[in-house]
Structures are given as structure tokens and as C-alpha cells.
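Structure file my_file.txt with compact mmCIF, C-alpha atoms and all ligand atoms:
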# COMPACT_ATOMS: atom_id res chain seq x y z
CA MET A 165 44.45 44.55 4.31
CA ASP A 166 43.27 44.94 0.70
CA LYS A 167 42.61 41.77 -1.29
CA ILE A 168 43.82 41.48 -4.86
CA ILE A 169 42.39 38.69 -7.02
CA ASP A 170 43.02 38.52 -10.78
CA ASN A 171 44.04 42.21 -10.95
CA GLN A 172 40.92 43.22 -8.98
CA THR A 173 41.54 45.20 -5.78
CA ILE A 174 38.97 45.08 -2.99
CA MET A 175 39.44 47.99 -0.57
CA CYS A 176 37.37 47.69 2.57
CA GLY A 177 36.47 50.86 4.47
CA ASP A 178 34.81 54.25 4.26
CA VAL A 179 34.75 55.80 0.81
CA LEU A 180 35.95 59.22 1.94
CA GLU A 181 38.95 57.74 3.75
CA ARG A 182 39.92 55.14 1.18
CA LEU A 183 39.55 57.35 -1.91
CA LYS A 184 42.33 59.56 -0.49
CA GLU A 185 44.76 56.65 -0.93
CA ILE A 186 44.23 56.51 -4.71
CA GLN A 187 46.71 58.50 -6.80
CA SER A 188 45.51 61.60 -8.63
CA ASP A 189 44.98 61.23 -12.37
CA SER A 190 45.29 57.42 -12.27
CA VAL A 191 41.83 56.06 -13.12
CA ASN A 192 40.44 55.68 -16.67
CA LEU A 193 36.81 55.06 -15.79
CA ILE A 194 34.53 55.35 -12.76
CA VAL A 195 31.28 53.37 -12.69
CA THR A 196 29.38 53.56 -9.45
CA ASP A 197 26.08 52.87 -7.81
CA PRO A 198 26.09 54.87 -4.56
CA PRO A 199 23.49 54.57 -1.81
CA TYR A 200 20.40 56.54 -2.99
CA ASN A 201 19.52 57.73 0.55
CA LEU A 202 16.36 55.67 0.46
CA ASN A 203 16.65 53.95 3.80
CA LYS A 204 18.24 50.69 2.62
CA ASP A 205 19.77 48.52 5.27
CA TYR A 206 23.41 47.98 4.31
CA VAL A 207 24.11 46.72 7.87
CA LYS A 208 27.06 49.08 8.43
CA THR A 209 25.06 52.09 7.29
CA GLN A 210 21.33 52.79 7.16
CA ASP A 211 21.31 55.03 4.06
CA ARG A 212 19.33 57.71 5.87
CA LEU A 213 21.02 61.11 5.92
CA ASP A 214 19.35 64.51 6.12
CA PHE A 215 18.92 66.08 2.70
CA ASP A 216 21.79 68.56 3.16
CA GLU A 217 24.08 65.92 4.66
CA TYR A 218 23.50 63.64 1.68
CA ILE A 219 24.30 66.43 -0.77
CA GLU A 220 27.47 67.29 1.19
CA PHE A 221 28.51 63.62 1.26
CA SER A 222 27.90 63.36 -2.52
CA LYS A 223 29.99 66.47 -3.17
CA LYS A 224 32.85 65.07 -1.12
CA TRP A 225 33.11 61.67 -2.80
CA LEU A 226 32.52 63.12 -6.27
CA SER A 227 35.26 65.66 -5.69
CA GLU A 228 37.68 62.82 -4.87
CA CYS A 229 36.50 61.03 -8.02
CA ASN A 230 37.33 64.15 -9.99
CA ARG A 231 40.83 64.16 -8.51
CA VAL A 232 41.62 60.51 -9.33
CA LEU A 233 40.03 60.45 -12.81
CA LYS A 234 42.37 60.94 -15.78
CA LYS A 235 41.88 63.94 -18.07
CA ASN A 236 40.31 61.76 -20.78
CA GLY A 237 38.27 59.72 -18.28
CA THR A 238 34.54 59.04 -17.97
CA ILE A 239 32.26 58.74 -14.97
CA TYR A 240 28.91 56.92 -14.76
CA VAL A 241 26.73 57.41 -11.64
CA PHE A 242 23.56 55.43 -10.93
CA MET A 243 20.88 57.42 -9.13
CA GLY A 244 17.23 57.28 -8.13
CA MET A 245 14.73 60.04 -8.95
CA ARG A 246 14.89 61.88 -5.62
CA TYR A 247 18.49 63.08 -5.98
CA ILE A 248 19.44 62.73 -9.63
CA SER A 249 18.97 66.40 -10.53
CA TYR A 250 21.28 67.40 -7.64
CA ILE A 251 23.93 64.87 -8.69
CA TYR A 252 23.68 66.23 -12.25
CA GLN A 253 24.31 69.74 -10.95
CA ILE A 254 27.28 68.65 -8.85
CA LEU A 255 28.85 66.86 -11.81
CA GLU A 256 28.28 69.75 -14.20
CA LYS A 257 28.58 72.89 -12.06
CA ASP A 258 30.86 71.88 -9.18
CA MET A 259 33.11 69.40 -10.97
CA GLY A 260 33.04 70.97 -14.45
CA PHE A 261 32.41 67.65 -16.22
CA THR A 262 30.74 67.49 -19.65
CA PHE A 263 27.35 65.83 -19.90
CA ASN A 264 27.23 62.95 -22.38
CA SER A 265 24.22 60.68 -21.74
CA TRP A 266 21.28 60.13 -19.42
CA ILE A 267 20.70 56.38 -19.48
CA THR A 268 17.46 54.88 -18.26
CA TRP A 269 17.66 51.41 -16.81
CA PHE A 270 14.15 49.96 -17.41
CA TYR A 271 13.86 47.07 -14.95
CA THR A 272 10.46 45.82 -16.18
CA GLN A 273 8.96 44.81 -12.80
CA GLY A 274 8.93 46.31 -9.33
CA ILE A 275 6.81 47.52 -6.46
CA GLY A 276 3.22 48.53 -7.08
CA LYS A 277 1.70 51.91 -6.23
CA THR A 278 -2.04 52.44 -5.76
CA LYS A 279 -1.93 56.24 -5.90
CA GLY A 280 0.45 57.21 -8.67
CA PHE A 281 2.48 55.31 -11.25
CA SER A 282 4.58 52.32 -10.21
CA PRO A 283 8.30 53.05 -10.64
CA ARG A 284 10.01 51.03 -13.37
CA HIS A 285 13.38 52.69 -13.88
CA ASP A 286 16.57 53.93 -12.30
CA ASP A 287 18.90 56.21 -14.19
CA ILE A 288 22.59 56.49 -14.88
CA LEU A 289 24.39 59.76 -15.64
CA MET A 290 27.39 59.62 -17.96
CA PHE A 291 29.79 62.58 -17.88
CA THR A 292 33.27 62.97 -19.32
CA LYS A 293 36.12 65.06 -18.02
CA ASP A 294 37.06 66.37 -21.45
CA ALA A 295 34.34 67.40 -23.91
CA LYS A 296 36.02 65.70 -26.88
CA LYS A 297 38.81 63.37 -25.79
CA PHE A 298 37.35 60.26 -24.19
CA THR A 299 37.06 56.56 -25.01
CA PHE A 300 33.86 55.31 -26.61
CA ASN A 301 34.07 51.85 -28.21
CA LEU A 302 30.75 51.71 -30.06
CA ASP A 303 31.64 48.48 -31.88
CA ASP A 304 32.03 46.67 -28.56
CA ILE A 305 28.48 47.43 -27.41
CA ARG A 306 26.38 47.25 -30.55
CA VAL A 307 23.14 45.26 -30.52
CA PRO A 308 21.92 43.00 -33.35
CA GLN A 309 19.76 44.43 -36.12
CA LYS A 310 16.12 43.33 -36.50
CA PHE A 311 16.35 42.72 -40.25
CA TYR A 312 19.08 41.68 -42.62
CA ARG A 313 19.47 44.44 -45.20
CA SER A 314 22.57 44.92 -47.32
CA ILE A 315 22.40 48.65 -46.47
CA ASN A 316 22.25 47.97 -42.68
CA ASN A 317 25.38 47.79 -40.62
CA MET A 318 25.00 44.14 -39.61
CA ARG A 319 27.77 44.63 -37.04
CA GLY A 320 24.87 46.04 -35.02
CA ALA A 321 23.09 49.18 -33.91
CA ASN A 322 23.82 51.68 -31.13
CA PRO A 323 21.99 50.33 -28.04
CA GLY A 324 20.42 53.74 -27.32
CA ASN A 325 19.90 55.20 -23.87
CA VAL A 326 17.06 53.00 -22.57
CA TRP A 327 18.48 49.71 -21.35
CA GLU A 328 16.20 46.85 -20.45
CA PHE A 329 17.49 44.37 -17.88
CA SER A 330 15.36 42.77 -15.21
CA HIS A 331 16.31 43.16 -11.53
CA MET A 332 18.50 40.49 -9.97
CA HIS A 333 15.71 38.18 -8.81
CA TYR A 334 16.25 35.72 -6.00
CA CYS A 335 15.96 32.85 -8.49
CA ASN A 336 19.00 34.11 -10.47
CA ALA A 337 21.89 31.70 -9.78
CA ASN A 338 24.22 34.66 -9.28
CA ARG A 339 22.02 36.48 -6.72
CA GLN A 340 24.09 37.54 -3.69
CA GLU A 341 22.94 38.40 -0.18
CA HIS A 342 23.00 42.11 -0.98
CA PRO A 343 19.89 44.33 -1.00
CA THR A 344 20.69 46.33 -4.16
CA GLN A 345 22.81 44.07 -6.36
CA LYS A 346 22.73 45.27 -9.98
CA PRO A 347 22.75 43.12 -13.16
CA GLU A 348 26.22 42.55 -14.62
CA GLY A 349 24.88 43.39 -18.11
CA LEU A 350 24.58 47.06 -17.16
CA TYR A 351 28.20 47.28 -16.02
CA GLU A 352 29.39 45.27 -19.01
CA ARG A 353 28.00 47.84 -21.43
CA MET A 354 29.49 50.84 -19.61
CA ILE A 355 32.88 49.21 -19.10
CA LEU A 356 33.22 47.95 -22.68
CA ALA A 357 32.12 51.31 -24.08
CA SER A 358 34.26 53.59 -21.96
CA SER A 359 37.49 51.73 -21.22
CA ASN A 360 40.02 49.49 -22.94
CA GLU A 361 41.67 46.24 -21.86
CA GLY A 362 44.24 46.93 -19.13
CA ASP A 363 42.56 50.19 -18.05
CA VAL A 364 41.88 51.04 -14.41
CA VAL A 365 38.16 51.08 -13.50
CA LEU A 366 37.03 52.33 -10.08
CA ASP A 367 33.77 51.64 -8.23
CA PRO A 368 33.76 53.63 -4.96
CA PHE A 369 30.62 51.81 -3.70
CA GLY A 370 31.42 48.21 -4.58
CA GLY A 371 28.54 46.36 -2.87
CA SER A 372 28.49 42.70 -3.83
CA GLY A 373 31.28 43.13 -6.41
CA THR A 374 29.35 43.47 -9.68
CA CYS A 375 31.80 45.99 -11.16
CA LEU A 376 34.88 43.93 -10.28
CA ARG A 377 33.31 40.75 -11.64
CA VAL A 378 32.78 42.45 -14.99
CA CYS A 379 36.29 43.96 -14.93
CA GLN A 380 37.76 40.53 -14.22
CA ASN A 381 36.06 39.04 -17.26
CA THR A 382 36.74 41.95 -19.63
CA ASN A 383 40.43 42.27 -18.67
CA ARG A 384 40.25 45.60 -16.86
CA LYS A 385 42.00 46.42 -13.56
CA GLY A 386 39.13 47.01 -11.17
CA ILE A 387 39.27 48.74 -7.79
CA SER A 388 36.29 48.76 -5.45
CA ILE A 389 35.70 50.41 -2.10
CA GLU A 390 33.07 49.01 0.25
CA LEU A 391 32.27 49.80 3.88
CA ASN A 392 30.78 46.48 4.91
CA PRO A 393 33.43 43.73 5.36
CA GLU A 394 30.81 41.05 4.65
CA TYR A 395 30.19 42.53 1.21
CA CYS A 396 33.97 42.67 0.65
CA LYS A 397 34.15 38.96 1.46
CA MET A 398 31.17 38.34 -0.86
CA THR A 399 33.08 40.10 -3.67
CA GLU A 400 36.14 37.97 -2.98
CA GLU A 401 34.10 34.76 -3.23
CA ARG A 402 32.39 35.98 -6.38
CA LEU A 403 35.73 36.63 -8.08
CA LYS A 404 36.77 33.05 -7.38
CA GLU A 405 33.73 31.58 -9.17
CA PRO A 406 34.27 30.06 -12.64
CA PHE A 407 32.94 32.25 -15.46
CA ASN A 408 30.25 30.95 -17.84
CA GLY A 409 28.86 34.27 -18.97
CA PHE A 410 27.53 37.39 -17.28
CA ASP A 411 24.37 36.96 -15.21
CA SER A 412 22.23 39.15 -17.48
CA VAL A 413 22.01 39.80 -21.17
CA ASP A 414 20.03 42.33 -23.19
CA GLU A 415 17.29 40.25 -24.80
CA LYS A 416 18.12 41.84 -28.15
CA MET A 417 21.51 40.07 -28.10
CA THR A 418 19.91 36.70 -28.82
CA ARG A 419 17.56 37.89 -31.55
CA CYS A 420 18.22 36.56 -35.00
CA PRO A 421 17.49 39.03 -37.80
CA ASN A 422 14.64 38.35 -40.23
CA ASP A 423 15.29 38.04 -43.97
CA LEU A 424 18.55 36.05 -43.78
CA ASN A 425 17.49 34.34 -46.99
CA ASP A 426 20.73 34.07 -48.93
CA ALA A 427 22.50 30.86 -47.84
CA ASP A 428 26.06 32.28 -47.82
CA VAL A 429 25.04 35.48 -46.06
CA ARG A 430 23.08 33.50 -43.48
CA GLN A 431 25.96 31.14 -42.73
CA GLU A 432 28.47 33.98 -42.36
CA TYR A 433 26.09 36.05 -40.27
CA ILE A 434 25.26 33.28 -37.75
CA TYR A 435 28.93 32.71 -36.91
CA ASN A 436 29.60 36.45 -36.79
CA HIS A 437 26.63 37.00 -34.49
CA ILE A 438 28.10 34.62 -31.92
CA LYS A 439 31.51 36.29 -32.19
CA TRP A 440 30.23 39.89 -32.12
CA PHE A 441 27.45 39.71 -29.55
CA LEU A 442 27.72 36.59 -27.39
CA MET A 443 31.39 36.16 -26.52
CA ASN A 444 30.78 37.20 -22.89
CA HIS A 445 27.45 35.32 -22.83
CA LYS A 446 28.30 31.79 -23.88
CA ASP A 447 25.33 30.49 -21.92
CA SER A 448 23.03 32.54 -24.19
CA ILE A 449 24.28 30.98 -27.45
CA PRO A 450 21.66 28.15 -27.29
CA ASP A 451 18.85 30.77 -27.04
CA PHE A 452 20.15 32.48 -30.16
CA LEU A 453 20.47 29.20 -32.05
CA THR A 454 16.97 28.18 -31.01
CA GLU A 455 15.68 31.35 -32.65
CA VAL A 456 17.82 30.64 -35.73
CA LYS A 457 16.30 27.16 -35.85
CA GLU A 458 12.75 28.50 -35.56
CA LYS A 459 13.28 30.95 -38.40
CA TYR A 460 15.54 29.08 -40.80
CA LEU A 461 15.70 25.32 -40.08
CA LYS A 462 13.94 24.28 -43.28
CA LYS A 463 16.24 26.45 -45.41
CA MET A 464 19.33 25.30 -43.49
CA ILE A 465 18.47 21.63 -44.04
CA GLU A 466 18.11 22.33 -47.77
CA THR A 467 21.53 24.03 -47.90
CA GLY A 468 23.31 21.56 -45.58
CA GLN A 469 24.05 24.18 -42.90
CA THR A 470 22.86 22.39 -39.77
CA SER A 471 26.22 21.46 -38.21
CA ILE A 472 26.15 24.58 -36.00
CA PHE A 473 23.21 23.06 -34.11
CA GLN A 474 25.20 19.93 -33.33
CA ASP A 475 28.18 22.07 -32.22
CA TYR A 476 26.00 23.59 -29.50
CA ASN A 477 23.88 20.51 -28.70
CA ILE A 478 20.68 21.91 -30.17
CA LYS A 479 18.34 19.11 -31.21
CA ILE A 480 16.90 19.46 -34.71
C1 LIG B 1 23.78 50.60 -4.05
S1 LIG B 1 24.92 49.63 -3.20
C2 LIG B 1 26.00 49.06 -4.49
C3 LIG B 1 25.55 47.74 -5.10
C4 LIG B 1 26.45 47.24 -6.19
N1 LIG B 1 26.33 48.04 -7.39
C5 LIG B 1 26.15 45.79 -6.52
O1 LIG B 1 25.79 45.47 -7.68
O2 LIG B 1 26.26 44.95 -5.63
C6 LIG B 1 25.86 50.81 -2.34
C7 LIG B 1 26.94 50.23 -1.47
O3 LIG B 1 27.66 51.32 -0.88
C8 LIG B 1 28.11 50.90 0.41
N2 LIG B 1 28.39 52.13 1.20
C9 LIG B 1 27.50 52.97 1.79
N3 LIG B 1 28.13 53.98 2.42
C10 LIG B 1 29.46 53.79 2.20
C11 LIG B 1 30.62 54.49 2.60
N4 LIG B 1 30.55 55.60 3.33
N5 LIG B 1 31.82 54.01 2.21
C12 LIG B 1 31.92 52.87 1.45
N6 LIG B 1 30.84 52.16 1.06
C13 LIG B 1 29.63 52.61 1.43
C14 LIG B 1 26.95 50.07 0.95
O4 LIG B 1 27.40 49.18 1.96
C15 LIG B 1 26.45 49.36 -0.31
O5 LIG B 1 26.99 48.07 -0.42
How does this structure look as C-alpha cells?
Ligand SMILES: C[S@@+](CC[C@H](N)C(=O)[O-])C[C@H]1O[C@@H](n2cnc3c(N)ncnc32)[C@H](O)[C@@H]1O
Amino acid sequence: MDKIIDNQTIMCGDVLERLKEIQSDSVNLIVTDPPYNLNKDYVKTQDRLDFDEYIEFSKKWLSECNRVLKKNGTIYVFMGMRYISYIYQILEKDMGFTFNSWITWFYTQGIGKTKGFSPRHDDILMFTKDAKKFTFNLDDIRVPQKFYRSINNMRGANPGNVWEFSHMHYCNANRQEHPTQKPEGLYERMILASSNEGDVVLDPFGGSGTCLRVCQNTNRKGISIELNPEYCKMTEERLKEPFNGFDSVDEKMTRCPNDLNDADVRQEYIYNHIKWFLMNHKDSIPDFLTEVKEKYLKKMIETGQTSIFQDYNIKI
């Protein structure tokens, strides 16, 4: 029996079976992080297929994704280095999708290698079904500028295609008992960019429920499929947790631009920054204000602009 919590549907079972139940042309966005065939223990599956079997499996689930995705839809697929070129080919040649972006998730720390270079990234392929007609909400995913300049667009810059988020460490309060849980910040950016409120977002390999958690808190209708009933239960529990902000934020989101010297501009910018960049990251507002304090406290005392610090319990 599928569980539905806050417009989020958790479908438990095998991806190839359960995808068949989803209506053709009904999904606005697919964001998924499939098993990379790297021998991970997902309890119900060991992530260890022969090369050809893995390619066949990938073709099958991607072909179902193609069927359910709307004509103006977008698909993002996470993948490790071993198979990414094959997944690219399937998306482009077999499915006829249009390539849009190759995103590198730079995860800053990881396993060490003594012969060769230690891996520090996974990648995400973004393809669209139509070459021109697809959703891309740049304003919803901009990152703060480094400097205030009247010629800059202070609403923020394009985040580019290298995204820095650390792995979900065991000390993170939101860490689940799942071997490959991804940071919510990654999903947030893809979902905000490529769907609108009320849209249907599908994750055919749901894992611990990262995609649905982000959908829940960005007002999308998420659907996830997951083979392991324990991970389905984990997702259910996660969706019931109160929301204080996503578990990961791009460090650039809390940076306060240099050169905010004009008092009126500075005051307006600080409030806008919170509204534009930190609405889904309320727990990061104190970090931003601490940087504001470090850069501008003296000036803000002179111009009587310190009440924002009291509003967020920042000692001055
Ligand atoms: C890389 S993990 C996804 C992790 C997820 N992004 C997260 O943040 O928690 C891949 C998931 O696919 C699930 N899986 C593997 N084979 C599957 C299949 N045939 N059908 C459905 N789910 C499957 C695994 O149990 C695992 O939880």
C-alpha cells in the first residue's frame, strides 16, 4: 500500500514494476540518484550487476522515465564516473533527449588513494525532452554576489555547474541510516530550477527520501519508488519531521557582499538577502548576520541599523 504524506507519494517496490503504474506524460520533472553499480549494500539489492546487465537495466528504467515525462519536462540523473558516458549515450541516442548541463557535485572530502588521485566529485546529467520548451527558474536558484556594484545584478549570479556541498556526515542531525544519502541542497537547486509549485516530481530511486523531503518543503507533488521497505519507512518518518531548513546550504548563500557602504543600500540589501537566498534555510540566517556584523557593525551602529541583530538574537 502506497503512503501519501503532505502530497508526497512513497511507492515501495521494484522500479521496473512500479514505474509501469505511472501515467504516460504526467510528470514535470525527474530527479534521480540510481545505484551506480559500485557494490553498495542496499540490503535488498547488492548493486553488483554485470556490465551489460547494468546497461540493460538502465535502458529499461530510463525508457519508462521517457514515457512518463511530459513533453516540456526535464530529467536529472546522478552518476559515478564508471557509467556516466553510457548513461549520457542512452539519454541522447536512445531516448532522444537534449543535453543541457553536466553538473559536478564537488563533495570536498572522501576516500584517499595512494596510487592515483583521490575522487572528489560525482556528476549529474541534465537533459530536457524538448530543446527549447522547458522550465528554468534562474531567479529561484541564484547565489549572492561577492561585491556590491550598482552594475551587478544583486539578485544574484547563476550558480554555475560546479556545486560544492559536503557529503552527509554522520554528525549531521539529518543523517539517516542509508549508505548513499545525498544532501538536500543538491535536490533543492534542481527542483527549484526545473519545476514550479504544484508540479509533479518523480524520483525512481528514492532511498532515504531526500527528493520527497525537498518537494514537501517547496510545494511540489513528489513521487518516489524504493525497493527496500525499511528505506520507505525512513522516508515516511522523515516527512513527519518539523522543518527548520534544508540540511545543507551552499556556503555562498551566507556570504555578505563587500562594499555595502551606502547606508540605505546596505539596509535594503540585508533584508533582501534573507528573502532571496535564505527562505528555505532559516537556520543559516545567523551565519549570514554574523558575517554582516563582522563587515559592517561599526557603520551600522553609526547609522542606527542594528535592530536586525536583535531580531535574530545575534549579540553585538
Ligand atoms: C543511490 S541510492 C538513492 C539515495 C537517495 N538519493 C538519498 O538521498 O537517500 C539508490 C537507491 O535505489 C534503491 N534501488 C536499487 N535497486 C532498485 C530497484 N530495482 N527498484 C527500486 N529501488 C531500487 C536502493 O535501495 C537505494 O536506496
Show me, as JSON lines, the residues of chain A having an atom within 6 Å of ligand LIG 1 (chain B), each with the closest atom pair and its distance in Å, using all atoms listed in the file.
{"residue": "A:Gly177", "atom": "CA", "partner": "B:LIG1", "partner_atom": "C12", "distance": 5.8}
{"residue": "A:Asp178", "atom": "CA", "partner": "B:LIG1", "partner_atom": "N5", "distance": 3.6}
{"residue": "A:Val179", "atom": "CA", "partner": "B:LIG1", "partner_atom": "N5", "distance": 3.7}
{"residue": "A:Asp197", "atom": "CA", "partner": "B:LIG1", "partner_atom": "N1", "distance": 4.9}
{"residue": "A:Pro198", "atom": "CA", "partner": "B:LIG1", "partner_atom": "C6", "distance": 4.6}
{"residue": "A:Pro199", "atom": "CA", "partner": "B:LIG1", "partner_atom": "C6", "distance": 4.5}
{"residue": "A:Tyr206", "atom": "CA", "partner": "B:LIG1", "partner_atom": "O4", "distance": 4.8}
{"residue": "A:Thr344", "atom": "CA", "partner": "B:LIG1", "partner_atom": "C3", "distance": 5.1}
{"residue": "A:Gln345", "atom": "CA", "partner": "B:LIG1", "partner_atom": "O1", "distance": 3.5}
{"residue": "A:Lys346", "atom": "CA", "partner": "B:LIG1", "partner_atom": "O1", "distance": 3.8}
{"residue": "A:Phe369", "atom": "CA", "partner": "B:LIG1", "partner_atom": "O3", "distance": 4.1}
{"residue": "A:Gly370", "atom": "CA", "partner": "B:LIG1", "partner_atom": "C4", "distance": 5.3}
{"residue": "A:Gly371", "atom": "CA", "partner": "B:LIG1", "partner_atom": "O5", "distance": 3.4}
{"residue": "A:Ser372", "atom": "CA", "partner": "B:LIG1", "partner_atom": "O2", "distance": 3.6}
{"residue": "A:Gly373", "atom": "CA", "partner": "B:LIG1", "partner_atom": "O2", "distance": 5.4}
{"residue": "A:Thr374", "atom": "CA", "partner": "B:LIG1", "partner_atom": "O1", "distance": 4.5}
{"residue": "A:Ile389", "atom": "CA", "partner": "B:LIG1", "partner_atom": "C12", "distance": 5.7}
{"residue": "A:Glu390", "atom": "CA", "partner": "B:LIG1", "partner_atom": "N6", "distance": 3.9}
{"residue": "A:Leu391", "atom": "CA", "partner": "B:LIG1", "partner_atom": "C12", "distance": 3.9}
{"residue": "A:Asn392", "atom": "CA", "partner": "B:LIG1", "partner_atom": "O4", "distance": 5.2}
Q: Do a neighbour search on segment 395-403 of chain A at 10 Å with all atoms listed in the file, toss out local chain neighbours closer than 5 positions, and write the hits as an MDAnalysis selection string.
A: chainID A and resid 166:170 172:177 206:207 338 340:342 370:378 380:381 388:390
Q | Counting all atoms listed in the file, the option among A:Glu405, A:Asp286, A:Pro368, A:Tyr271 closest to Ile387 of chain A | A |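 Using all atoms listed in the file, the shortest distance to Ile387 of chain A belongs to A:Pro368.
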Q) What is the atom CA of Thr467 of chain A-atom CA of Gln309 of chain A distance in Å, reported with one decimal? A) 23.6 Å
Q: Fewer than 5 positions away in the same chain doesn't count, so skip those; otherwise give me all residues within 8 Å of segment 256-266 of chain A, counting all atoms listed in the file, as a list in words.
A: Leu226, Ser227, Asn230, Asp287, Ile288, Leu289, Met290, Phe291, Thr292, Lys293, Asp294, Ala295 and Asn325 of chain A
Q | atom CA of Ser330 of chain A to atom CA of Gly409 of chain A, distance in Å rounded to a single decimal | A |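 These two atoms are separated by 16.4 Å.
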Padded axis-aligned box of segment 286-297 of chain A (4 Å per side), centre and edge lengths, Å, one decimal, as JSON:
{"center_x": 27.7, "center_y": 60.7, "center_z": -19.6, "size_x": 30.2, "size_y": 21.5, "size_z": 22.6}
Q. Restricting the calculation to all atoms listed in the file, which member of A:Thr209, A:Asn336, A:Thr382, A:Thr418 is positioned closest to Val307 of chain A?
A.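 Distance minimum relative to Val307 of chain A lands on A:Thr418.
Picture a line from atom CA of Ile248 of chain A to atom CA of Glu185 of chain A; it runs 27.5 Å.
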For Val191 of chain A: contacts at 12 Å, only C-alpha atoms, fewer than 6 positions along chain excluded, given as a PDB file with C-alpha atoms, in the coordinates of the input:
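out_34.pdb was written with the following content:
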ATOM      1  CA  LEU A 183      39.550  57.350  -1.910  1.00  0.00           C
ATOM      2  CA  GLU A 228      37.680  62.820  -4.870  1.00  0.00           C
ATOM      3  CA  CYS A 229      36.500  61.030  -8.020  1.00  0.00           C
ATOM      4  CA  ASN A 230      37.330  64.150  -9.990  1.00  0.00           C
ATOM      5  CA  ARG A 231      40.830  64.160  -8.510  1.00  0.00           C
ATOM      6  CA  VAL A 232      41.620  60.510  -9.330  1.00  0.00           C
ATOM      7  CA  LEU A 233      40.030  60.450 -12.810  1.00  0.00           C
ATOM      8  CA  LYS A 234      42.370  60.940 -15.780  1.00  0.00           C
ATOM      9  CA  LYS A 235      41.880  63.940 -18.070  1.00  0.00           C
ATOM     10  CA  ASN A 236      40.310  61.760 -20.780  1.00  0.00           C
ATOM     11  CA  GLY A 237      38.270  59.720 -18.280  1.00  0.00           C
ATOM     12  CA  THR A 238      34.540  59.040 -17.970  1.00  0.00           C
ATOM     13  CA  ILE A 239      32.260  58.740 -14.970  1.00  0.00           C
ATOM     14  CA  LYS A 293      36.120  65.060 -18.020  1.00  0.00           C
ATOM     15  CA  SER A 358      34.260  53.590 -21.960  1.00  0.00           C
ATOM     16  CA  SER A 359      37.490  51.730 -21.220  1.00  0.00           C
ATOM     17  CA  ASN A 360      40.020  49.490 -22.940  1.00  0.00           C
ATOM     18  CA  GLY A 362      44.240  46.930 -19.130  1.00  0.00           C
ATOM     19  CA  ASP A 363      42.560  50.190 -18.050  1.00  0.00           C
ATOM     20  CA  VAL A 364      41.880  51.040 -14.410  1.00  0.00           C
ATOM     21  CA  VAL A 365      38.160  51.080 -13.500  1.00  0.00           C
ATOM     22  CA  LEU A 366      37.030  52.330 -10.080  1.00  0.00           C
ATOM     23  CA  ASP A 367      33.770  51.640  -8.230  1.00  0.00           C
ATOM     24  CA  PRO A 368      33.760  53.630  -4.960  1.00  0.00           C
ATOM     25  CA  ARG A 384      40.250  45.600 -16.860  1.00  0.00           C
ATOM     26  CA  LYS A 385      42.000  46.420 -13.560  1.00  0.00           C
ATOM     27  CA  GLY A 386      39.130  47.010 -11.170  1.00  0.00           C
ATOM     28  CA  ILE A 387      39.270  48.740  -7.790  1.00  0.00           C
ATOM     29  CA  SER A 388      36.290  48.760  -5.450  1.00  0.00           C
TER      30      SER A 388
END
